[in-house]
$ cat final-v7.pdb   # PDB, C-alpha atoms and all ligand atoms
ATOM      1  CA  MET A 139      31.880 130.466 185.900  1.00  0.00           C
ATOM      2  CA  ASN A 140      33.620 130.991 189.258  1.00  0.00           C
ATOM      3  CA  ILE A 141      31.636 133.652 191.104  1.00  0.00           C
ATOM      4  CA  LEU A 142      31.966 135.325 194.506  1.00  0.00           C
ATOM      5  CA  LEU A 143      29.196 137.127 196.326  1.00  0.00           C
ATOM      6  CA  LEU A 144      30.261 139.953 198.619  1.00  0.00           C
ATOM      7  CA  GLY A 145      28.054 142.052 200.858  1.00  0.00           C
ATOM      8  CA  ALA A 146      27.410 142.810 204.506  1.00  0.00           C
ATOM      9  CA  PRO A 147      25.514 140.379 206.736  1.00  0.00           C
ATOM     10  CA  GLY A 148      21.858 140.769 205.785  1.00  0.00           C
ATOM     11  CA  ALA A 149      22.568 142.125 202.298  1.00  0.00           C
ATOM     12  CA  GLY A 150      20.827 139.109 200.764  1.00  0.00           C
ATOM     13  CA  LYS A 151      23.823 136.999 199.703  1.00  0.00           C
ATOM     14  CA  GLY A 152      22.319 133.679 200.796  1.00  0.00           C
ATOM     15  CA  THR A 153      18.929 134.374 199.218  1.00  0.00           C
ATOM     16  CA  GLN A 154      20.460 135.380 195.893  1.00  0.00           C
ATOM     17  CA  ALA A 155      23.079 132.624 195.988  1.00  0.00           C
ATOM     18  CA  VAL A 156      20.440 129.878 196.049  1.00  0.00           C
ATOM     19  CA  ARG A 157      18.769 131.339 192.958  1.00  0.00           C
ATOM     20  CA  LEU A 158      22.018 132.068 191.110  1.00  0.00           C
ATOM     21  CA  ALA A 159      23.387 128.574 191.696  1.00  0.00           C
ATOM     22  CA  GLU A 160      20.177 127.167 190.238  1.00  0.00           C
ATOM     23  CA  ARG A 161      20.275 129.538 187.279  1.00  0.00           C
ATOM     24  CA  TYR A 162      23.896 128.760 186.356  1.00  0.00           C
ATOM     25  CA  GLY A 163      23.854 125.112 187.411  1.00  0.00           C
ATOM     26  CA  ILE A 164      26.808 125.508 189.760  1.00  0.00           C
ATOM     27  CA  PRO A 165      27.201 124.551 193.439  1.00  0.00           C
ATOM     28  CA  HIS A 166      26.401 127.144 196.102  1.00  0.00           C
ATOM     29  CA  ILE A 167      29.157 127.100 198.690  1.00  0.00           C
ATOM     30  CA  SER A 168      28.402 129.015 201.861  1.00  0.00           C
ATOM     31  CA  THR A 169      31.065 128.926 204.566  1.00  0.00           C
ATOM     32  CA  GLY A 170      28.421 129.971 207.105  1.00  0.00           C
ATOM     33  CA  ASP A 171      26.274 126.946 206.111  1.00  0.00           C
ATOM     34  CA  ILE A 172      29.307 124.648 206.332  1.00  0.00           C
ATOM     35  CA  PHE A 173      30.061 125.924 209.833  1.00  0.00           C
ATOM     36  CA  ARG A 174      26.419 125.601 210.950  1.00  0.00           C
ATOM     37  CA  TYR A 175      26.361 122.008 209.684  1.00  0.00           C
ATOM     38  CA  ASN A 176      29.550 121.240 211.624  1.00  0.00           C
ATOM     39  CA  ILE A 177      28.119 122.870 214.752  1.00  0.00           C
ATOM     40  CA  LYS A 178      24.963 120.773 214.469  1.00  0.00           C
ATOM     41  CA  GLU A 179      27.014 117.604 214.014  1.00  0.00           C
ATOM     42  CA  LYS A 180      29.333 118.618 216.872  1.00  0.00           C
ATOM     43  CA  THR A 181      32.492 118.007 214.794  1.00  0.00           C
ATOM     44  CA  PRO A 182      35.880 119.392 215.947  1.00  0.00           C
ATOM     45  CA  ILE A 183      35.565 122.178 213.339  1.00  0.00           C
ATOM     46  CA  GLY A 184      32.066 122.888 214.652  1.00  0.00           C
ATOM     47  CA  VAL A 185      33.361 123.306 218.195  1.00  0.00           C
ATOM     48  CA  ILE A 186      36.018 125.799 217.053  1.00  0.00           C
ATOM     49  CA  ALA A 187      33.610 127.665 214.751  1.00  0.00           C
ATOM     50  CA  LYS A 188      30.901 128.001 217.406  1.00  0.00           C
ATOM     51  CA  SER A 189      33.222 129.791 219.809  1.00  0.00           C
ATOM     52  CA  TYR A 190      33.740 132.555 217.219  1.00  0.00           C
ATOM     53  CA  ILE A 191      30.306 132.640 215.582  1.00  0.00           C
ATOM     54  CA  ASP A 192      28.535 133.057 218.934  1.00  0.00           C
ATOM     55  CA  LYS A 193      30.563 136.218 219.504  1.00  0.00           C
ATOM     56  CA  GLY A 194      30.006 137.571 216.005  1.00  0.00           C
ATOM     57  CA  GLN A 195      33.692 137.148 215.172  1.00  0.00           C
ATOM     58  CA  LEU A 196      35.321 135.532 212.162  1.00  0.00           C
ATOM     59  CA  VAL A 197      36.485 131.941 212.328  1.00  0.00           C
ATOM     60  CA  PRO A 198      40.310 131.987 211.893  1.00  0.00           C
ATOM     61  CA  ASP A 199      41.534 132.178 208.307  1.00  0.00           C
ATOM     62  CA  GLU A 200      43.528 128.936 208.449  1.00  0.00           C
ATOM     63  CA  VAL A 201      40.437 126.912 209.411  1.00  0.00           C
ATOM     64  CA  THR A 202      38.183 128.611 206.866  1.00  0.00           C
ATOM     65  CA  VAL A 203      40.620 128.543 203.950  1.00  0.00           C
ATOM     66  CA  GLN A 204      41.273 124.823 204.389  1.00  0.00           C
ATOM     67  CA  ILE A 205      37.541 124.050 204.331  1.00  0.00           C
ATOM     68  CA  VAL A 206      37.039 126.016 201.121  1.00  0.00           C
ATOM     69  CA  LYS A 207      40.124 124.540 199.470  1.00  0.00           C
ATOM     70  CA  GLU A 208      38.876 121.007 200.112  1.00  0.00           C
ATOM     71  CA  ARG A 209      35.373 121.887 198.931  1.00  0.00           C
ATOM     72  CA  LEU A 210      36.599 123.451 195.672  1.00  0.00           C
ATOM     73  CA  GLU A 211      38.620 120.315 194.882  1.00  0.00           C
ATOM     74  CA  LYS A 212      35.385 118.315 194.592  1.00  0.00           C
ATOM     75  CA  GLU A 213      34.219 117.185 191.175  1.00  0.00           C
ATOM     76  CA  ASP A 214      31.071 119.346 191.138  1.00  0.00           C
ATOM     77  CA  CYS A 215      33.175 122.541 191.218  1.00  0.00           C
ATOM     78  CA  LYS A 216      35.030 121.710 188.001  1.00  0.00           C
ATOM     79  CA  SER A 217      32.611 123.685 185.836  1.00  0.00           C
ATOM     80  CA  GLY A 218      32.191 126.577 188.238  1.00  0.00           C
ATOM     81  CA  TYR A 219      31.020 127.544 191.707  1.00  0.00           C
ATOM     82  CA  LEU A 220      29.326 130.299 193.625  1.00  0.00           C
ATOM     83  CA  LEU A 221      31.036 131.269 196.862  1.00  0.00           C
ATOM     84  CA  ASP A 222      28.828 132.983 199.448  1.00  0.00           C
ATOM     85  CA  GLY A 223      30.498 134.460 202.540  1.00  0.00           C
ATOM     86  CA  PHE A 224      34.050 133.648 201.494  1.00  0.00           C
ATOM     87  CA  PRO A 225      36.469 135.382 201.341  1.00  0.00           C
ATOM     88  CA  ARG A 226      35.823 137.688 204.278  1.00  0.00           C
ATOM     89  CA  THR A 227      39.355 138.994 204.730  1.00  0.00           C
ATOM     90  CA  VAL A 228      42.061 140.081 202.310  1.00  0.00           C
ATOM     91  CA  ALA A 229      44.222 137.211 203.625  1.00  0.00           C
ATOM     92  CA  GLN A 230      41.474 134.735 202.629  1.00  0.00           C
ATOM     93  CA  ALA A 231      41.247 136.336 199.163  1.00  0.00           C
ATOM     94  CA  GLU A 232      45.006 136.022 198.709  1.00  0.00           C
ATOM     95  CA  ALA A 233      44.898 132.387 199.817  1.00  0.00           C
ATOM     96  CA  LEU A 234      42.020 131.650 197.431  1.00  0.00           C
ATOM     97  CA  GLU A 235      43.999 133.045 194.520  1.00  0.00           C
ATOM     98  CA  LYS A 236      46.631 130.384 195.086  1.00  0.00           C
ATOM     99  CA  PHE A 237      44.218 127.519 194.417  1.00  0.00           C
ATOM    100  CA  SER A 238      41.433 128.913 192.228  1.00  0.00           C
ATOM    101  CA  LYS A 239      40.729 131.656 189.738  1.00  0.00           C
ATOM    102  CA  VAL A 240      37.729 133.860 190.463  1.00  0.00           C
ATOM    103  CA  GLU A 241      36.105 135.328 187.349  1.00  0.00           C
ATOM    104  CA  ALA A 242      33.412 137.628 188.730  1.00  0.00           C
ATOM    105  CA  VAL A 243      32.771 139.265 192.090  1.00  0.00           C
ATOM    106  CA  VAL A 244      29.319 140.661 192.810  1.00  0.00           C
ATOM    107  CA  ASP A 245      29.047 143.119 195.689  1.00  0.00           C
ATOM    108  CA  ILE A 246      25.461 143.415 196.924  1.00  0.00           C
ATOM    109  CA  ASP A 247      25.167 146.868 198.398  1.00  0.00           C
ATOM    110  CA  VAL A 248      22.670 147.656 201.165  1.00  0.00           C
ATOM    111  CA  PRO A 249      23.098 150.758 203.372  1.00  0.00           C
ATOM    112  CA  LEU A 250      24.450 149.823 206.813  1.00  0.00           C
ATOM    113  CA  ASP A 251      21.474 151.399 208.629  1.00  0.00           C
ATOM    114  CA  LYS A 252      19.072 148.959 206.910  1.00  0.00           C
ATOM    115  CA  LEU A 253      20.970 145.804 207.892  1.00  0.00           C
ATOM    116  CA  LEU A 254      20.160 145.507 211.603  1.00  0.00           C
ATOM    117  CA  LYS A 255      16.406 145.309 210.968  1.00  0.00           C
ATOM    118  CA  ARG A 256      16.892 142.881 208.084  1.00  0.00           C
ATOM    119  CA  ILE A 257      18.978 140.496 210.187  1.00  0.00           C
ATOM    120  CA  THR A 258      17.096 140.590 213.474  1.00  0.00           C
ATOM    121  CA  GLY A 259      13.817 139.990 211.580  1.00  0.00           C
ATOM    122  CA  ARG A 260      15.274 137.140 209.559  1.00  0.00           C
ATOM    123  CA  ARG A 261      13.872 133.638 209.925  1.00  0.00           C
ATOM    124  CA  VAL A 262      15.400 130.700 208.081  1.00  0.00           C
ATOM    125  CA  CYS A 263      14.197 127.236 207.265  1.00  0.00           C
ATOM    126  CA  GLY A 264      16.015 124.757 209.490  1.00  0.00           C
ATOM    127  CA  SER A 265      15.912 122.229 206.677  1.00  0.00           C
ATOM    128  CA  CYS A 266      16.430 123.844 203.238  1.00  0.00           C
ATOM    129  CA  GLY A 267      17.884 127.168 204.433  1.00  0.00           C
ATOM    130  CA  GLU A 268      15.374 129.419 202.624  1.00  0.00           C
ATOM    131  CA  SER A 269      15.353 132.872 204.191  1.00  0.00           C
ATOM    132  CA  TYR A 270      12.350 135.022 205.165  1.00  0.00           C
ATOM    133  CA  HIS A 271      11.648 138.278 206.990  1.00  0.00           C
ATOM    134  CA  ILE A 272       9.006 138.453 209.718  1.00  0.00           C
ATOM    135  CA  ASP A 273       7.464 141.499 207.986  1.00  0.00           C
ATOM    136  CA  HIS A 274       6.456 139.247 205.072  1.00  0.00           C
ATOM    137  CA  LEU A 275       5.528 136.064 206.935  1.00  0.00           C
ATOM    138  CA  ASP A 276       2.002 136.998 208.072  1.00  0.00           C
ATOM    139  CA  GLY A 277       2.568 134.934 211.207  1.00  0.00           C
ATOM    140  CA  LYS A 278       3.528 131.802 209.238  1.00  0.00           C
ATOM    141  CA  THR A 279       6.060 129.599 211.034  1.00  0.00           C
ATOM    142  CA  SER A 280       6.857 127.024 208.352  1.00  0.00           C
ATOM    143  CA  CYS A 281       8.822 127.143 205.113  1.00  0.00           C
ATOM    144  CA  SER A 282       6.727 127.677 201.982  1.00  0.00           C
ATOM    145  CA  LYS A 283       9.286 125.699 199.948  1.00  0.00           C
ATOM    146  CA  CYS A 284       9.599 122.534 202.034  1.00  0.00           C
ATOM    147  CA  GLY A 285       7.141 122.894 204.938  1.00  0.00           C
ATOM    148  CA  GLU A 286       9.761 122.612 207.689  1.00  0.00           C
ATOM    149  CA  GLU A 287       9.862 124.865 210.733  1.00  0.00           C
ATOM    150  CA  LEU A 288      11.377 128.360 210.501  1.00  0.00           C
ATOM    151  CA  ILE A 289      13.983 129.280 213.082  1.00  0.00           C
ATOM    152  CA  GLN A 290      15.991 132.321 214.091  1.00  0.00           C
ATOM    153  CA  ARG A 291      19.735 131.835 213.676  1.00  0.00           C
ATOM    154  CA  ALA A 292      21.568 131.881 217.027  1.00  0.00           C
ATOM    155  CA  ASP A 293      23.828 134.713 215.781  1.00  0.00           C
ATOM    156  CA  ASP A 294      20.953 136.877 214.483  1.00  0.00           C
ATOM    157  CA  ASN A 295      20.401 138.611 217.840  1.00  0.00           C
ATOM    158  CA  GLU A 296      21.014 142.338 218.206  1.00  0.00           C
ATOM    159  CA  GLN A 297      24.223 142.090 220.220  1.00  0.00           C
ATOM    160  CA  THR A 298      25.970 139.598 217.946  1.00  0.00           C
ATOM    161  CA  VAL A 299      24.806 141.467 214.861  1.00  0.00           C
ATOM    162  CA  ALA A 300      26.485 144.675 216.082  1.00  0.00           C
ATOM    163  CA  SER A 301      29.754 142.799 216.319  1.00  0.00           C
ATOM    164  CA  ARG A 302      29.247 141.145 212.893  1.00  0.00           C
ATOM    165  CA  LEU A 303      28.623 144.515 211.253  1.00  0.00           C
ATOM    166  CA  ASP A 304      31.725 145.945 212.886  1.00  0.00           C
ATOM    167  CA  VAL A 305      33.768 142.975 211.641  1.00  0.00           C
ATOM    168  CA  TYR A 306      32.309 143.495 208.170  1.00  0.00           C
ATOM    169  CA  VAL A 307      33.312 147.162 208.040  1.00  0.00           C
ATOM    170  CA  LYS A 308      36.813 146.574 209.380  1.00  0.00           C
ATOM    171  CA  GLN A 309      37.794 143.218 207.883  1.00  0.00           C
ATOM    172  CA  THR A 310      35.552 142.415 204.915  1.00  0.00           C
ATOM    173  CA  SER A 311      34.689 145.698 203.200  1.00  0.00           C
ATOM    174  CA  PRO A 312      38.327 146.258 202.051  1.00  0.00           C
ATOM    175  CA  LEU A 313      37.683 143.343 199.666  1.00  0.00           C
ATOM    176  CA  THR A 314      35.626 145.573 197.365  1.00  0.00           C
ATOM    177  CA  GLU A 315      38.713 147.692 196.708  1.00  0.00           C
ATOM    178  CA  TYR A 316      40.824 144.543 196.383  1.00  0.00           C
ATOM    179  CA  TYR A 317      38.633 143.121 193.613  1.00  0.00           C
ATOM    180  CA  ALA A 318      37.946 146.515 191.994  1.00  0.00           C
ATOM    181  CA  GLU A 319      41.689 146.845 191.444  1.00  0.00           C
ATOM    182  CA  LYS A 320      41.672 143.477 189.704  1.00  0.00           C
ATOM    183  CA  GLY A 321      38.897 144.738 187.400  1.00  0.00           C
ATOM    184  CA  ILE A 322      36.403 141.979 188.255  1.00  0.00           C
ATOM    185  CA  LEU A 323      34.113 143.746 190.743  1.00  0.00           C
ATOM    186  CA  LYS A 324      30.446 144.286 189.815  1.00  0.00           C
ATOM    187  CA  ASN A 325      28.365 146.498 192.113  1.00  0.00           C
ATOM    188  CA  VAL A 326      24.693 145.760 192.534  1.00  0.00           C
ATOM    189  CA  ASN A 327      22.102 147.758 194.446  1.00  0.00           C
ATOM    190  CA  GLY A 328      20.712 145.324 197.042  1.00  0.00           C
ATOM    191  CA  MET A 329      17.573 147.317 197.880  1.00  0.00           C
ATOM    192  CA  GLY A 330      14.217 146.243 196.445  1.00  0.00           C
ATOM    193  CA  SER A 331      12.559 142.882 195.971  1.00  0.00           C
ATOM    194  CA  VAL A 332      14.416 139.567 195.704  1.00  0.00           C
ATOM    195  CA  ASP A 333      13.476 139.397 192.006  1.00  0.00           C
ATOM    196  CA  GLU A 334      14.651 142.928 191.295  1.00  0.00           C
ATOM    197  CA  VAL A 335      18.037 142.299 192.905  1.00  0.00           C
ATOM    198  CA  PHE A 336      18.318 138.944 191.113  1.00  0.00           C
ATOM    199  CA  ASP A 337      17.671 140.611 187.725  1.00  0.00           C
ATOM    200  CA  ARG A 338      20.329 143.216 188.458  1.00  0.00           C
ATOM    201  CA  ILE A 339      22.865 140.515 189.286  1.00  0.00           C
ATOM    202  CA  ILE A 340      22.071 138.548 186.145  1.00  0.00           C
ATOM    203  CA  SER A 341      22.482 141.647 184.028  1.00  0.00           C
ATOM    204  CA  VAL A 342      25.914 142.530 185.461  1.00  0.00           C
ATOM    205  CA  LEU A 343      27.099 138.934 185.091  1.00  0.00           C
ATOM    206  CA  GLY A 344      26.020 138.999 181.435  1.00  0.00           C
TER     207      GLY A 344
HETATM  208  P1  LIG B 401      27.133 133.757 207.354  1.00  0.00           P
HETATM  209  O1  LIG B 401      26.168 132.622 207.317  1.00  0.00           O
HETATM  210  O2  LIG B 401      27.861 133.954 206.044  1.00  0.00           O
HETATM  211  O3  LIG B 401      26.499 135.036 207.849  1.00  0.00           O
HETATM  212  O4  LIG B 401      28.261 133.368 208.412  1.00  0.00           O
HETATM  213  C1  LIG B 401      27.953 133.175 209.779  1.00  0.00           C
HETATM  214  C2  LIG B 401      29.224 133.260 210.604  1.00  0.00           C
HETATM  215  O5  LIG B 401      30.128 132.220 210.202  1.00  0.00           O
HETATM  216  C3  LIG B 401      30.016 134.551 210.449  1.00  0.00           C
HETATM  217  O6  LIG B 401      29.528 135.588 211.286  1.00  0.00           O
HETATM  218  C4  LIG B 401      31.408 134.095 210.851  1.00  0.00           C
HETATM  219  O7  LIG B 401      31.522 133.975 212.268  1.00  0.00           O
HETATM  220  C5  LIG B 401      31.464 132.687 210.272  1.00  0.00           C
HETATM  221  N1  LIG B 401      32.010 132.727 208.896  1.00  0.00           N
HETATM  222  C6  LIG B 401      31.354 132.481 207.739  1.00  0.00           C
HETATM  223  N2  LIG B 401      32.155 132.624 206.682  1.00  0.00           N
HETATM  224  C7  LIG B 401      33.372 132.966 207.183  1.00  0.00           C
HETATM  225  C8  LIG B 401      34.632 133.278 206.602  1.00  0.00           C
HETATM  226  N3  LIG B 401      34.809 133.289 205.266  1.00  0.00           N
HETATM  227  N4  LIG B 401      35.660 133.569 207.427  1.00  0.00           N
HETATM  228  C9  LIG B 401      35.518 133.559 208.767  1.00  0.00           C
HETATM  229  N5  LIG B 401      34.352 133.307 209.384  1.00  0.00           N
HETATM  230  C10 LIG B 401      33.287 133.013 208.602  1.00  0.00           C
END

$ encode --input "final-v7.pdb" --output "structure tokens" --more "lines below"
Ligand code: AMP
Amino acid sequence: MNILLLGAPGAGKGTQAVRLAERYGIPHISTGDIFRYNIKEKTPIGVIAKSYIDKGQLVPDEVTVQIVKERLEKEDCKSGYLLDGFPRTVAQAEALEKFSKVEAVVDIDVPLDKLLKRITGRRVCGSCGESYHIDHLDGKTSCSKCGEELIQRADDNEQTVASRLDVYVKQTSPLTEYYAEKGILKNVNGMGSVDEVFDRIISVLG
């Protein structure tokens, strides 16, 4: 199955994507993770991406679309994939349609006023990418899955988050209408525990 996860920054896309990819046995493709890897490795794409990500802006469509196109051509995507964080603009969605057919789009809905606290309190594992919130860490600083150190993403500070949320409202949220019109949009309430949200997603995917 070819699945897309939509939702604002902090809605829980990454957390659910890891579990869904495992459940369905399909690769989890996160454009944000691909950019962070390129930034860490200081590749030319990483240099371009960093200049936008640091400001909470979107990396240009032509760069992002090309990365996804190449990734979806890989053998492991032949029996399905889970895209997390792509598309983020209608232009990206239109480009995607030209090289792949999306079967289900899950929109994880969390009220905008809850997102700032979720993101600024987020800590992620620098190694496996597992996500946590400081409210549930009890002062722990290492990942309970792999033991590596937890870090705060460079773009999870209050100022950058404000810009990311603004970008989401203006550029990404129109995608819900776009996919609703195609009849493949599934809305899921993103409030509650990770397991509760996961169960809701599984039930809408059928
Ligand atoms: P994420 O990990 O999905 O929150 O993405 C982190 C940042 O990477 C975003 O704030 C954007 O700057 C950039 N990014 C990720 N995915 C895309 C995309 N599909 N289009 C443009 N920029 C993206």

$ resolve_selection --input "final-v7.pdb" --expression "the PyMOL selection byres (((chain A and resi 228) around 12) and not hetatm)" --output "PyMOL selection string"
chain A and resi 199+203+224-227+229-235+306+308-317

$ atom_distance --input "final-v7.pdb" --atom1 "CA of Val335 (chain A)" --atom2 "CA of Val197 (chain A)"
28.7 Å

$ residues_around --input "final-v7.pdb" --residues "Gly328 (chain A)" --least-positions-apart "2" --cutoff "9 Å" --atoms "all atoms listed in the file" --output "JSON, numbers by chain"
{"A": [145, 149, 150, 245, 246, 247, 248, 249, 326, 330, 331, 332, 334, 335, 338]}

$ atom_distance --input "final-v7.pdb" --atom1 "CA of Leu303 (chain A)" --atom2 "CA of Leu221 (chain A)"
19.7 Å

$ residues_near_ligand --input "final-v7.pdb" --ligand "ligand LIG 401 (chain B)" --cutoff "6 Å" --atoms "all atoms listed in the file" --output "CSV table (one decimal) with C-alpha atoms, keeping the file's coordinate frame"
chain,number,residue,atom,x,y,z
A,147,PRO,CA,25.5,140.4,206.7
A,169,THR,CA,31.1,128.9,204.6
A,170,GLY,CA,28.4,130.0,207.1
A,171,ASP,CA,26.3,126.9,206.1
A,190,TYR,CA,33.7,132.6,217.2
A,191,ILE,CA,30.3,132.6,215.6
A,194,GLY,CA,30.0,137.6,216.0
A,195,GLN,CA,33.7,137.1,215.2
A,196,LEU,CA,35.3,135.5,212.2
A,197,VAL,CA,36.5,131.9,212.3
A,198,PRO,CA,40.3,132.0,211.9
A,202,THR,CA,38.2,128.6,206.9
A,223,GLY,CA,30.5,134.5,202.5
A,224,PHE,CA,34.0,133.6,201.5
A,225,PRO,CA,36.5,135.4,201.3
A,226,ARG,CA,35.8,137.7,204.3
A,302,ARG,CA,29.2,141.1,212.9

$ closest_residue --input "final-v7.pdb" --among "A:Gly267, A:Gly259, A:Pro182, A:Gly218" --to "Val156 (chain A)" --atoms "all atoms listed in the file"
A:Gly267

$ resolve_selection --input "final-v7.pdb" --expression "the PyMOL selection byres (((chain A and resi 217) around 12) and not hetatm)" --output "PyMOL selection string"
chain A and resi 139-141+159+162-165+210-216+218-220

$ write_last_selection --input "final-v7.pdb" --atoms "C-alpha atoms" --output "mmCIF file, in the frame of the given file"
data_model
loop_
_atom_site.group_PDB
_atom_site.id
_atom_site.type_symbol
_atom_site.label_atom_id
_atom_site.label_comp_id
_atom_site.auth_asym_id
_atom_site.auth_seq_id
_atom_site.Cartn_x
_atom_site.Cartn_y
_atom_site.Cartn_z
ATOM 1 C CA MET A 139 31.880 130.466 185.900
ATOM 2 C CA ASN A 140 33.620 130.991 189.258
ATOM 3 C CA ILE A 141 31.636 133.652 191.104
ATOM 4 C CA ALA A 159 23.387 128.574 191.696
ATOM 5 C CA TYR A 162 23.896 128.760 186.356
ATOM 6 C CA GLY A 163 23.854 125.112 187.411
ATOM 7 C CA ILE A 164 26.808 125.508 189.760
ATOM 8 C CA PRO A 165 27.201 124.551 193.439
ATOM 9 C CA LEU A 210 36.599 123.451 195.672
ATOM 10 C CA GLU A 211 38.620 120.315 194.882
ATOM 11 C CA LYS A 212 35.385 118.315 194.592
ATOM 12 C CA GLU A 213 34.219 117.185 191.175
ATOM 13 C CA ASP A 214 31.071 119.346 191.138
ATOM 14 C CA CYS A 215 33.175 122.541 191.218
ATOM 15 C CA LYS A 216 35.030 121.710 188.001
ATOM 16 C CA GLY A 218 32.191 126.577 188.238
ATOM 17 C CA TYR A 219 31.020 127.544 191.707
ATOM 18 C CA LEU A 220 29.326 130.299 193.625
#

$ decode --input "final-v7.pdb" --residues "region 283-296 of chain A" --atoms "N, CA, C and O atoms" --output "short mmCIF file (atom, residue, chain, number, x, y, z; two decimals), in the first residue's frame"
data_model
loop_
_atom_site.label_atom_id
_atom_site.label_comp_id
_atom_site.auth_asym_id
_atom_site.auth_seq_id
_atom_site.Cartn_x
_atom_site.Cartn_y
_atom_site.Cartn_z
N LYS A 283 14.80 2.84 23.54
CA LYS A 283 14.86 1.79 22.51
C LYS A 283 16.30 1.36 22.24
O LYS A 283 16.60 0.18 22.14
N CYS A 284 17.22 2.35 22.10
CA CYS A 284 18.57 1.97 21.70
C CYS A 284 19.67 2.49 22.65
O CYS A 284 20.84 2.21 22.44
N GLY A 285 19.27 3.28 23.65
CA GLY A 285 20.25 3.72 24.66
C GLY A 285 21.06 4.94 24.28
O GLY A 285 21.83 5.45 25.10
N GLU A 286 20.88 5.44 23.05
CA GLU A 286 21.68 6.61 22.63
C GLU A 286 21.12 7.90 23.25
O GLU A 286 20.00 7.94 23.76
N GLU A 287 21.91 8.97 23.12
CA GLU A 287 21.54 10.23 23.75
C GLU A 287 20.34 10.91 23.05
O GLU A 287 20.23 10.86 21.82
N LEU A 288 19.48 11.52 23.85
CA LEU A 288 18.36 12.28 23.29
C LEU A 288 18.79 13.72 23.04
O LEU A 288 19.52 14.29 23.85
N ILE A 289 18.33 14.27 21.93
CA ILE A 289 18.71 15.64 21.59
C ILE A 289 17.45 16.45 21.25
O ILE A 289 16.38 15.88 21.00
N GLN A 290 17.62 17.76 21.24
CA GLN A 290 16.53 18.61 20.76
C GLN A 290 16.87 19.02 19.33
O GLN A 290 17.99 19.47 19.06
N ARG A 291 15.93 18.82 18.41
CA ARG A 291 16.18 19.21 17.03
C ARG A 291 16.45 20.70 16.94
O ARG A 291 15.80 21.50 17.62
N ALA A 292 17.40 21.09 16.06
CA ALA A 292 17.79 22.51 15.95
C ALA A 292 16.59 23.38 15.58
O ALA A 292 16.53 24.55 15.97
N ASP A 293 15.61 22.82 14.84
CA ASP A 293 14.47 23.64 14.40
C ASP A 293 13.27 23.52 15.35
O ASP A 293 12.19 23.99 15.03
N ASP A 294 13.46 22.90 16.51
CA ASP A 294 12.36 22.79 17.48
C ASP A 294 12.37 23.91 18.52
O ASP A 294 11.87 23.75 19.63
N ASN A 295 12.96 25.05 18.18
CA ASN A 295 12.92 26.19 19.12
C ASN A 295 11.69 27.06 18.80
O ASN A 295 11.16 27.02 17.68
N GLU A 296 11.28 27.85 19.78
CA GLU A 296 10.00 28.55 19.68
C GLU A 296 9.87 29.44 18.44
O GLU A 296 8.84 29.47 17.79
#
